[in-house]
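Next comes upload_1.csv, with CSV, C-alpha atoms and all ligand atoms.
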chain,number,residue,atom,x,y,z
W,1,MET,CA,87.5,19.2,10.3
W,2,HIS,CA,84.4,17.2,9.3
W,3,THR,CA,82.4,17.7,6.1
W,4,SER,CA,78.6,17.6,6.1
W,5,GLN,CA,76.5,15.8,3.6
W,6,ALA,CA,76.1,18.3,0.8
W,7,GLY,CA,72.5,17.4,0.1
W,8,ILE,CA,71.4,19.0,3.3
W,9,PHE,CA,72.2,22.4,1.9
W,10,ALA,CA,71.4,21.8,-1.8
W,11,LEU,CA,68.7,24.4,-2.2
W,12,GLY,CA,66.6,25.1,-5.3
W,13,THR,CA,65.7,21.5,-6.2
W,14,SER,CA,62.1,20.9,-7.3
W,15,ALA,CA,61.8,17.1,-7.3
W,16,HIS,CA,62.2,15.0,-4.1
W,17,THR,CA,61.7,11.5,-2.8
W,18,TYR,CA,62.0,10.3,0.8
W,19,LEU,CA,62.6,6.6,1.2
W,20,GLU,CA,62.4,5.2,4.7
W,21,PHE,CA,63.7,1.6,5.2
W,22,ASP,CA,63.4,-1.1,7.9
W,23,LEU,CA,66.2,-3.6,8.3
W,24,VAL,CA,65.1,-7.2,7.7
W,25,ASP,CA,67.8,-8.8,9.9
W,26,GLU,CA,69.3,-6.7,12.7
W,27,LYS,CA,72.4,-9.0,12.7
W,28,LYS,CA,73.2,-7.8,9.2
W,29,ARG,CA,73.2,-4.1,10.1
W,30,LYS,CA,76.9,-3.6,9.3
W,31,GLU,CA,76.5,-4.8,5.8
W,32,PHE,CA,73.3,-2.7,5.4
W,33,PHE,CA,75.2,0.4,6.6
W,34,ALA,CA,78.0,-0.3,4.2
W,35,ASN,CA,75.5,-0.5,1.3
W,36,VAL,CA,73.7,2.7,2.3
W,37,ALA,CA,77.1,4.5,2.5
W,38,ALA,CA,77.9,3.2,-1.0
W,39,ILE,CA,74.9,5.0,-2.5
W,40,HIS,CA,76.1,7.8,-4.7
W,41,GLU,CA,74.9,10.2,-7.4
W,42,PRO,CA,75.1,9.5,-11.1
W,43,ARG,CA,78.5,10.8,-12.4
W,44,THR,CA,77.4,13.6,-14.6
W,45,THR,CA,77.9,17.3,-14.6
W,46,THR,CA,74.3,17.9,-15.5
W,47,GLY,CA,71.0,16.5,-14.2
W,48,GLY,CA,72.5,15.2,-11.0
W,49,VAL,CA,70.9,13.9,-7.8
W,50,ASN,CA,71.6,14.9,-4.2
W,51,PHE,CA,71.5,12.3,-1.5
W,52,VAL,CA,71.0,12.7,2.2
W,53,LEU,CA,71.6,9.4,4.1
W,54,GLY,CA,70.5,9.0,7.7
W,55,PHE,CA,70.1,6.3,10.3
W,56,ARG,CA,67.9,5.5,13.3
W,57,PRO,CA,70.0,7.0,16.2
W,58,GLU,CA,70.0,3.9,18.3
W,59,LEU,CA,71.1,1.7,15.4
W,60,TRP,CA,73.8,4.2,14.5
W,61,ARG,CA,75.1,4.1,18.1
W,62,GLU,CA,75.3,0.3,17.9
W,63,VAL,CA,77.3,0.3,14.7
W,64,VAL,CA,79.4,3.4,15.1
W,65,PRO,CA,79.6,4.1,18.9
W,66,GLU,CA,82.6,6.4,18.6
W,67,ASP,CA,80.7,8.8,16.3
W,68,ALA,CA,77.3,8.7,18.0
W,69,PRO,CA,76.0,12.0,19.3
W,70,GLN,CA,75.1,11.9,22.9
W,71,GLY,CA,71.5,11.4,23.9
W,72,VAL,CA,69.9,11.5,20.5
W,73,GLU,CA,66.9,9.1,20.2
W,74,GLY,CA,64.5,7.9,17.6
W,75,PHE,CA,60.9,9.1,17.6
W,76,ASN,CA,59.9,6.2,19.8
W,77,HIS,CA,56.8,7.6,21.6
W,78,GLU,CA,53.9,9.5,20.3
W,79,ILE,CA,53.4,13.0,21.6
W,80,ARG,CA,50.1,13.4,23.4
W,81,GLY,CA,49.3,17.1,23.4
W,82,VAL,CA,46.3,19.1,24.8
W,83,GLU,CA,42.8,18.7,23.5
W,84,GLY,CA,43.4,15.1,22.4
W,85,PHE,CA,45.9,16.2,19.7
W,86,VAL,CA,48.4,13.4,19.0
W,87,MET,CA,51.7,13.3,16.9
W,88,PRO,CA,52.4,9.7,16.0
W,89,ALA,CA,55.7,8.0,16.3
W,90,THR,CA,56.6,6.0,13.1
W,91,GLN,CA,60.3,5.5,13.4
W,92,HIS,CA,62.2,3.5,10.7
W,93,ASP,CA,65.8,2.4,10.5
W,94,ALA,CA,67.2,4.5,7.7
W,95,ILE,CA,66.3,7.4,5.4
W,96,VAL,CA,67.5,8.0,1.8
W,97,TRP,CA,66.4,11.5,0.7
W,98,LEU,CA,66.9,12.2,-3.0
W,99,SER,CA,66.6,15.6,-4.5
W,100,GLY,CA,67.2,17.1,-8.0
W,101,SER,CA,65.9,19.3,-10.7
W,102,ALA,CA,63.7,16.8,-12.4
W,103,TYR,CA,61.6,13.8,-11.3
W,104,ASP,CA,62.8,11.4,-14.0
W,105,VAL,CA,66.3,11.1,-12.6
W,106,ILE,CA,65.0,10.9,-9.0
W,107,PHE,CA,62.7,8.2,-10.0
W,108,ASP,CA,65.3,6.1,-11.7
W,109,ARG,CA,67.8,6.5,-8.9
W,110,ALA,CA,65.2,5.8,-6.2
W,111,ARG,CA,64.4,2.5,-8.0
W,112,SER,CA,68.0,1.5,-8.1
W,113,VAL,CA,68.5,2.4,-4.4
W,114,VAL,CA,65.5,0.2,-3.4
W,115,ARG,CA,66.8,-2.6,-5.6
W,116,ASP,CA,70.3,-2.4,-4.2
W,117,LEU,CA,69.1,-2.6,-0.6
W,118,ALA,CA,66.3,-5.1,-1.2
W,119,SER,CA,68.1,-8.1,0.3
W,120,GLN,CA,68.7,-6.3,3.5
W,121,ALA,CA,65.8,-3.8,4.1
W,122,VAL,CA,62.2,-3.2,3.1
W,123,LEU,CA,60.9,0.1,1.9
W,124,ALA,CA,58.6,1.1,4.7
W,125,GLU,CA,57.6,4.6,3.5
W,126,GLU,CA,57.9,6.5,0.2
W,127,THR,CA,56.9,10.1,-0.3
W,128,CYS,CA,57.4,12.2,-3.4
W,129,SER,CA,57.6,15.9,-3.1
W,130,TRP,CA,57.7,18.8,-5.5
W,131,SER,CA,58.0,22.6,-5.2
W,132,TYR,CA,54.8,24.7,-5.3
W,133,ARG,CA,54.7,28.3,-6.7
W,134,HIS,CA,58.4,28.8,-6.1
W,135,ASP,CA,58.7,28.9,-2.3
W,136,ARG,CA,55.2,28.3,-0.9
W,137,ASP,CA,53.8,25.4,1.0
W,138,LEU,CA,50.3,24.0,0.3
W,139,THR,CA,48.8,26.4,2.8
W,140,GLY,CA,49.7,29.1,0.2
W,141,PHE,CA,52.2,30.7,2.6
W,142,ILE,CA,55.9,31.3,1.9
W,143,ASP,CA,57.9,28.6,3.8
W,144,GLY,CA,61.4,29.3,5.0
W,145,SER,CA,61.4,33.1,5.7
W,146,GLU,CA,63.1,32.7,9.1
W,147,ASN,CA,65.5,30.1,7.8
W,148,PRO,CA,69.2,31.0,8.2
W,149,THR,CA,71.2,31.8,5.1
W,150,LEU,CA,73.6,29.2,3.8
W,151,LEU,CA,76.4,31.2,5.7
W,152,ASP,CA,74.7,30.5,9.0
W,153,ALA,CA,72.9,27.3,8.3
W,154,PRO,CA,75.8,24.9,9.1
W,155,THR,CA,76.1,26.4,12.6
W,156,ASP,CA,72.4,25.8,13.2
W,157,ALA,CA,72.2,22.4,11.6
W,158,LEU,CA,75.5,20.6,12.3
W,159,LEU,CA,77.1,19.2,15.4
W,160,PRO,CA,80.2,21.2,16.2
W,161,GLU,CA,83.8,20.0,16.0
W,162,GLY,CA,85.2,18.2,19.0
W,163,VAL,CA,82.0,16.2,19.9
W,164,PRO,CA,81.0,12.7,18.7
W,165,GLY,CA,79.0,13.1,15.6
W,166,ALA,CA,80.8,16.3,14.5
W,167,GLY,CA,79.7,17.5,11.1
W,168,GLY,CA,76.5,15.4,11.3
W,169,SER,CA,73.0,16.6,11.9
W,170,VAL,CA,69.8,15.5,13.6
W,171,LEU,CA,66.9,15.3,11.1
W,172,LEU,CA,63.2,15.3,12.0
W,173,LEU,CA,61.1,14.0,9.2
W,174,GLN,CA,57.4,14.5,9.7
W,175,LYS,CA,54.6,14.2,7.2
W,176,TRP,CA,51.6,16.5,7.7
W,177,GLN,CA,48.4,16.1,5.9
W,178,HIS,CA,46.5,19.3,5.4
W,179,LYS,CA,42.8,19.6,6.2
W,180,VAL,CA,42.2,21.5,3.0
W,181,ALA,CA,38.5,22.3,3.3
W,182,GLU,CA,38.8,23.7,6.8
W,183,TRP,CA,41.9,25.7,5.9
W,184,GLU,CA,40.4,27.2,2.8
W,185,ALA,CA,37.2,28.1,4.6
W,186,LEU,CA,39.2,30.5,6.7
W,187,PRO,CA,39.4,34.1,5.5
W,188,VAL,CA,43.0,35.1,4.7
W,189,GLU,CA,43.1,37.4,7.7
W,190,GLN,CA,42.4,34.5,10.0
W,191,GLN,CA,44.9,32.2,8.1
W,192,GLU,CA,47.5,35.0,8.8
W,193,ARG,CA,46.7,34.9,12.5
W,194,VAL,CA,47.1,31.1,12.5
W,195,MET,CA,50.5,31.4,10.9
W,196,GLY,CA,51.6,34.7,12.5
W,197,ARG,CA,52.7,36.1,9.1
W,198,THR,CA,51.1,37.8,6.2
W,199,LYS,CA,50.2,35.5,3.3
W,200,SER,CA,51.4,37.5,0.3
W,201,GLU,CA,54.8,38.8,1.6
W,202,SER,CA,55.4,36.7,4.7
W,203,THR,CA,55.8,39.8,6.9
W,204,GLU,CA,55.7,38.8,10.6
W,205,LEU,CA,52.6,40.2,12.4
W,206,GLN,CA,53.4,42.8,15.1
W,207,ASP,CA,50.7,41.4,17.3
W,208,LYS,CA,51.0,37.7,16.4
W,209,PRO,CA,48.8,35.6,18.7
W,210,PRO,CA,50.4,33.2,21.2
W,211,TYR,CA,48.6,30.4,19.4
W,212,SER,CA,50.2,31.3,16.0
W,213,HIS,CA,52.6,28.8,14.4
W,214,VAL,CA,55.6,31.2,14.5
W,215,ALA,CA,54.9,32.0,18.2
W,216,ARG,CA,54.8,28.3,19.1
W,217,THR,CA,58.1,27.6,17.2
W,218,ASP,CA,59.9,30.8,18.0
W,219,GLN,CA,63.6,30.1,17.4
W,220,ASP,CA,64.7,32.8,19.8
W,221,GLU,CA,63.1,30.6,22.5
W,222,PHE,CA,63.9,27.1,21.2
W,223,GLY,CA,67.1,27.6,19.3
W,224,HIS,CA,67.7,27.8,15.6
W,225,ILE,CA,67.2,25.0,13.0
W,226,PHE,CA,67.4,24.7,9.2
W,227,ARG,CA,64.2,23.7,7.4
W,228,ARG,CA,63.9,22.0,4.0
W,229,ASN,CA,60.1,21.5,4.0
W,230,MET,CA,58.4,20.4,0.8
W,231,PRO,CA,54.8,20.0,-0.4
W,232,TYR,CA,53.8,16.4,-1.1
W,233,GLY,CA,50.8,14.4,-2.4
W,234,SER,CA,48.1,14.3,-4.9
W,235,VAL,CA,44.9,16.3,-5.5
W,236,ARG,CA,43.0,14.0,-3.1
W,237,GLU,CA,45.5,14.1,-0.2
W,238,HIS,CA,48.4,16.4,0.2
W,239,GLY,CA,50.3,18.5,2.7
W,240,THR,CA,53.8,19.3,4.0
W,241,MET,CA,56.8,17.1,4.4
W,242,PHE,CA,58.5,18.8,7.4
W,243,VAL,CA,62.3,18.3,7.0
W,244,GLY,CA,64.2,20.0,9.8
W,245,PHE,CA,67.9,19.8,10.6
W,246,SER,CA,69.4,20.7,13.9
W,247,ALA,CA,72.7,20.6,15.8
W,248,GLU,CA,70.7,19.6,18.9
W,249,GLN,CA,67.7,17.2,19.0
W,250,LYS,CA,66.2,19.2,21.8
W,251,ARG,CA,65.4,22.2,19.6
W,252,LEU,CA,63.2,20.1,17.4
W,253,SER,CA,61.6,18.0,20.2
W,254,ARG,CA,60.8,21.1,22.2
W,255,MET,CA,59.2,22.8,19.2
W,256,LEU,CA,57.0,19.7,18.7
W,257,GLU,CA,56.0,19.8,22.4
W,258,SER,CA,55.2,23.5,22.1
W,259,MET,CA,53.1,23.0,19.0
W,260,ALA,CA,51.2,20.3,20.9
W,261,GLY,CA,50.5,22.7,23.7
W,262,LEU,CA,52.8,21.0,26.3
W,263,VAL,CA,55.0,24.0,26.9
W,264,THR,CA,52.6,26.8,27.7
W,265,GLY,CA,49.3,25.0,27.5
W,266,THR,CA,48.5,26.8,24.2
W,267,ARG,CA,48.4,24.6,21.2
W,268,ASP,CA,49.7,25.7,17.8
W,269,ALA,CA,46.6,26.8,15.8
W,270,LEU,CA,48.1,25.3,12.6
W,271,THR,CA,47.6,21.8,14.2
W,272,HIS,CA,43.8,22.3,13.8
W,273,TYR,CA,44.3,22.5,10.0
W,274,THR,CA,47.1,19.9,9.5
W,275,GLN,CA,47.5,16.4,11.0
W,276,PRO,CA,50.9,14.7,11.4
W,277,LEU,CA,50.8,11.2,9.9
W,278,SER,CA,54.4,10.2,10.7
W,279,GLY,CA,57.4,11.2,12.8
W,280,SER,CA,61.0,10.0,12.8
W,281,TYR,CA,64.4,11.2,13.8
W,282,TYR,CA,67.5,10.2,11.9
W,283,PHE,CA,71.2,10.9,12.5
W,284,VAL,CA,72.8,12.2,9.3
W,285,PRO,CA,76.5,11.5,9.7
W,286,SER,CA,79.4,13.4,8.2
W,287,ILE,CA,80.9,12.2,4.9
W,288,GLU,CA,84.1,11.1,6.7
W,289,SER,CA,81.9,8.9,9.0
W,290,LEU,CA,80.1,7.5,5.9
W,291,ARG,CA,83.3,6.7,4.1
W,292,HIS,CA,84.5,4.6,7.1
W,293,LEU,CA,81.5,2.4,6.7
W,294,ARG,CA,82.2,1.3,3.1
B,301,LIG,C1,52.1,21.4,8.3
B,301,LIG,C2,53.3,21.6,8.8
B,301,LIG,C3,54.0,22.9,8.7
B,301,LIG,C4,53.8,24.0,7.9
B,301,LIG,C5,52.8,24.1,6.7
B,301,LIG,C6,54.7,25.0,8.3
B,301,LIG,C7,54.8,26.3,7.7
B,301,LIG,C8,55.5,27.3,8.2
B,301,LIG,C9,55.4,28.7,7.7
B,301,LIG,C10,54.6,29.2,6.6
B,301,LIG,C11,56.3,29.4,8.5
B,301,LIG,C12,56.5,31.0,8.4
B,301,LIG,C13,57.6,31.4,7.5
B,301,LIG,C14,58.9,30.8,7.9
B,301,LIG,O1,59.7,31.4,8.7
B,301,LIG,O2,59.3,29.8,7.3
B,301,LIG,C15,56.9,28.6,9.5
B,301,LIG,C16,57.8,28.9,10.4
B,301,LIG,C17,58.4,28.1,11.2
B,301,LIG,N1,58.2,26.7,11.4
B,301,LIG,FE1,56.7,25.7,10.4
B,301,LIG,N2,55.4,24.6,9.4
B,301,LIG,C18,55.0,23.3,9.7
B,301,LIG,C19,55.5,22.5,10.7
B,301,LIG,C20,56.5,22.8,11.5
B,301,LIG,C21,57.1,21.9,12.5
B,301,LIG,C22,56.7,20.5,12.7
B,301,LIG,C23,58.1,22.6,13.1
B,301,LIG,C24,59.1,22.2,14.1
B,301,LIG,C25,59.4,21.0,14.5
B,301,LIG,C26,58.2,24.0,12.4
B,301,LIG,C27,59.1,24.9,12.7
B,301,LIG,C28,59.1,26.2,12.3
B,301,LIG,C29,60.0,27.3,12.7
B,301,LIG,C30,61.2,27.1,13.6
B,301,LIG,C31,59.6,28.4,12.0
B,301,LIG,C32,60.2,29.8,12.2
B,301,LIG,C33,59.8,30.4,13.5
B,301,LIG,C34,60.4,31.7,13.8
B,301,LIG,O3,59.9,32.8,13.3
B,301,LIG,O4,61.5,31.7,14.5
B,301,LIG,N3,57.2,24.0,11.5
B,301,LIG,N4,56.4,27.3,9.3
Structure translated into structure tokens:
Amino acid sequence: MHTSQAGIFALGTSAHTYLEFDLVDEKKRKEFFANVAAIHEPRTTTGGVNFVLGFRPELWREVVPEDAPQGVEGFNHEIRGVEGFVMPATQHDAIVWLSGSAYDVIFDRARSVVRDLASQAVLAEETCSWSYRHDRDLTGFIDGSENPTLLDAPTDALLPEGVPGAGGSVLLLQKWQHKVAEWEALPVEQQERVMGRTKSESTELQDKPPYSHVARTDQDEFGHIFRRNMPYGSVREHGTMFVGFSAEQKRLSRMLESMAGLVTGTRDALTHYTQPLSGSYYFVPSIESLRHLR
């Protein structure tokens, strides 16, 4: 029986940092993996930090072939959708996602992670996130209504026992900048048609349009995933850090294609009001697998 990384399911945290790293010397990837696997939370019963550690799927396969999930790939090619819409591919070698209840501990720990890995990897991307009005994203809508409960989430997010990579998960990390002026110029009723849900209560619209976000990502069609999205940014530039975990990469990649209009020809209307700036997939191994690396 494999155990998943606990941070995937650590809900209710309001301070987050996503650190994406690139290896300096591919030949030293084993030492780098060992150092990433050695990252741990401060030993305290209060004010702790959760970590989620992930690796570029191809790199993971080279270092730990016996525990590499079949067919999982990095975000190696941009997705060219209809009407000139493009999702960029910005794959990096590893992700360290820290979350906790206050930003000071996240900040201190993030600095020490970067310091500890500095001789082997460069910090390629850093994004800080924070919760907004309890459970809303920066469109003002409640985010996560169709998420599974924590009883069902492991089934949706984790590779099952008996396959390589069991207890691990495929993570899609994608930063979306909001086009705030265009979004806020829309009357709420139109925003609701874009999303497919009401803004105040997140009730699904009976007659949701085929271009609505929830129609284009319908989990009954593409399969179920577990989302941990968070708002990010400053007053000038902000948006949504999409953080999605799945037992199968295909569920996530098909949702992206669907949003880009490549499944039915209809593009997700939300993509007119938000622009993806990044896109990477990581394999997030079980803790047994991480322990073997140390
Ligand atoms: C700017 C980026 C995004 C924002 C602001 C956003 C926001 C939302 C909101 C407000 C909902 C409705 C409530 C809920 O069920 O959570 C939703 C649903 C959903 N979103 Fe997103 N989302 C974004 C990007 C994505 C991406 C990139 C994916 C997939 C790769 C995705 C997958 C889903 C799924 C699966 C649902 C539930 C659909 C269902 O009803 O079955 N979202 N999203």
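When CA of Leu205 (chain W) is paired with CA of Glu182 (chain W), their separation reads 22.2 Å.
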Within 8 Å of ligand LIG 301 (chain B), which residues of chain W show up? Give each one with its shortest atom-to-atom distance in Å (one decimal) and the two atoms involved, counting all atoms listed in the file, rows by chain then rising residue number, as a tab-separated table.
residue	atom	partner	partner_atom	distance
W:Arg136	CA	B:LIG301	C10	7.6
W:Asp137	CA	B:LIG301	C5	5.9
W:Leu138	CA	B:LIG301	C5	6.9
W:Thr139	CA	B:LIG301	C5	6.0
W:Phe141	CA	B:LIG301	C10	4.9
W:Ile142	CA	B:LIG301	C10	5.3
W:Asp143	CA	B:LIG301	O2	4.0
W:Gly144	CA	B:LIG301	O2	3.2
W:Ser145	CA	B:LIG301	O1	3.8
W:Glu146	CA	B:LIG301	O1	3.7
W:Asn147	CA	B:LIG301	O1	6.0
W:Leu172	CA	B:LIG301	C25	7.3
W:Gln174	CA	B:LIG301	C22	6.7
W:Lys175	CA	B:LIG301	C2	7.7
W:Trp176	CA	B:LIG301	C1	5.0
W:Gln177	CA	B:LIG301	C1	6.9
W:His178	CA	B:LIG301	C1	6.6
W:Met195	CA	B:LIG301	C10	6.3
W:Gly196	CA	B:LIG301	C12	7.4
W:Arg197	CA	B:LIG301	C12	6.4
W:Ser202	CA	B:LIG301	C13	6.4
W:Glu204	CA	B:LIG301	O3	7.8
W:His213	CA	B:LIG301	FE1	6.5
W:Val214	CA	B:LIG301	C33	4.4
W:Ala215	CA	B:LIG301	C33	7.0
W:Arg216	CA	B:LIG301	C33	7.8
W:Thr217	CA	B:LIG301	C30	4.8
W:Asp218	CA	B:LIG301	O4	4.0
W:Gln219	CA	B:LIG301	O4	3.9
W:Asp220	CA	B:LIG301	O4	6.3
W:His224	CA	B:LIG301	C30	6.8
W:Ile225	CA	B:LIG301	C30	6.4
W:Phe226	CA	B:LIG301	C30	8.0
W:Arg227	CA	B:LIG301	C27	7.5
W:Asn229	CA	B:LIG301	C6	7.7
W:Gly239	CA	B:LIG301	C1	6.6
W:Thr240	CA	B:LIG301	C1	5.1
W:Met241	CA	B:LIG301	C2	7.2
W:Phe242	CA	B:LIG301	C19	5.8
W:Gly244	CA	B:LIG301	C25	6.8
W:Arg251	CA	B:LIG301	C25	8.0
W:Leu252	CA	B:LIG301	C25	4.9
W:Ser253	CA	B:LIG301	C25	6.8
W:Arg254	CA	B:LIG301	C25	7.8
W:Met255	CA	B:LIG301	C25	5.0
W:Leu256	CA	B:LIG301	C25	5.0
W:Met259	CA	B:LIG301	C22	7.7
W:Leu270	CA	B:LIG301	C1	7.0
W:Thr271	CA	B:LIG301	C1	7.4
W:Thr274	CA	B:LIG301	C1	5.4
W:Gln275	CA	B:LIG301	C1	7.3
W:Pro276	CA	B:LIG301	C1	7.5
Next item on the list: May I ask which of the residues W:Ala15, W:Ile8, W:Val64, W:Ala181 is the closest one to Val243 (chain W), counting only C-alpha atoms?
Entry: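 Of the candidates, the smallest distance to Val243 (chain W) is held by W:Ile8.
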Next item on the list: Choose the residue, out of W:Glu58, W:Glu41, W:Asp67, W:Asp25, that has the smallest atom-to-atom separation from Gly165 (chain W); count all atoms listed in the file.
Entry: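 When distances to Gly165 (chain W) are compared using all atoms listed in the file, the smallest one comes from W:Asp67.
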Check: With distances taken over only C-alpha atoms, which of W:Leu186, W:Asp156, W:Val113, W:Asp207 is nearest to Phe222 (chain W)?
Finding: W:Asp156
For the interface of region 49-91 of chain W with region 26-35 of chain W (cut-off 9 Å, counting all atoms listed in the file), please tabulate each contacting residue of region 49-91 of chain W alongside its nearest pair of atoms and their separation in Å to one decimal, rows sorted by chain and increasing number, as JSON lines.
{"residue": "W:Phe55", "atom": "CA", "partner": "W:Phe33", "partner_atom": "CA", "distance": 8.6}
{"residue": "W:Leu59", "atom": "CA", "partner": "W:Arg29", "partner_atom": "CA", "distance": 8.1}
{"residue": "W:Trp60", "atom": "CA", "partner": "W:Phe33", "partner_atom": "CA", "distance": 8.9}
{"residue": "W:Val63", "atom": "CA", "partner": "W:Lys30", "partner_atom": "CA", "distance": 6.7}
Margin query: So, with only C-alpha atoms as the atoms that count, which of W:Arg193, W:Arg267, W:Arg109, W:Arg43 lies closest to Tyr18 (chain W)?
Written below: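 Using only C-alpha atoms, the shortest distance to Tyr18 (chain W) belongs to W:Arg109.
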Notebook entry, point to check: How would you write as a PyMOL selection string the residues that get within 9 Å of (82.4, 9.4, 9.2) in the file's frame, counting only C-alpha atoms?
Noted result: chain W and resi 2-3+64+67+165-168+285-293
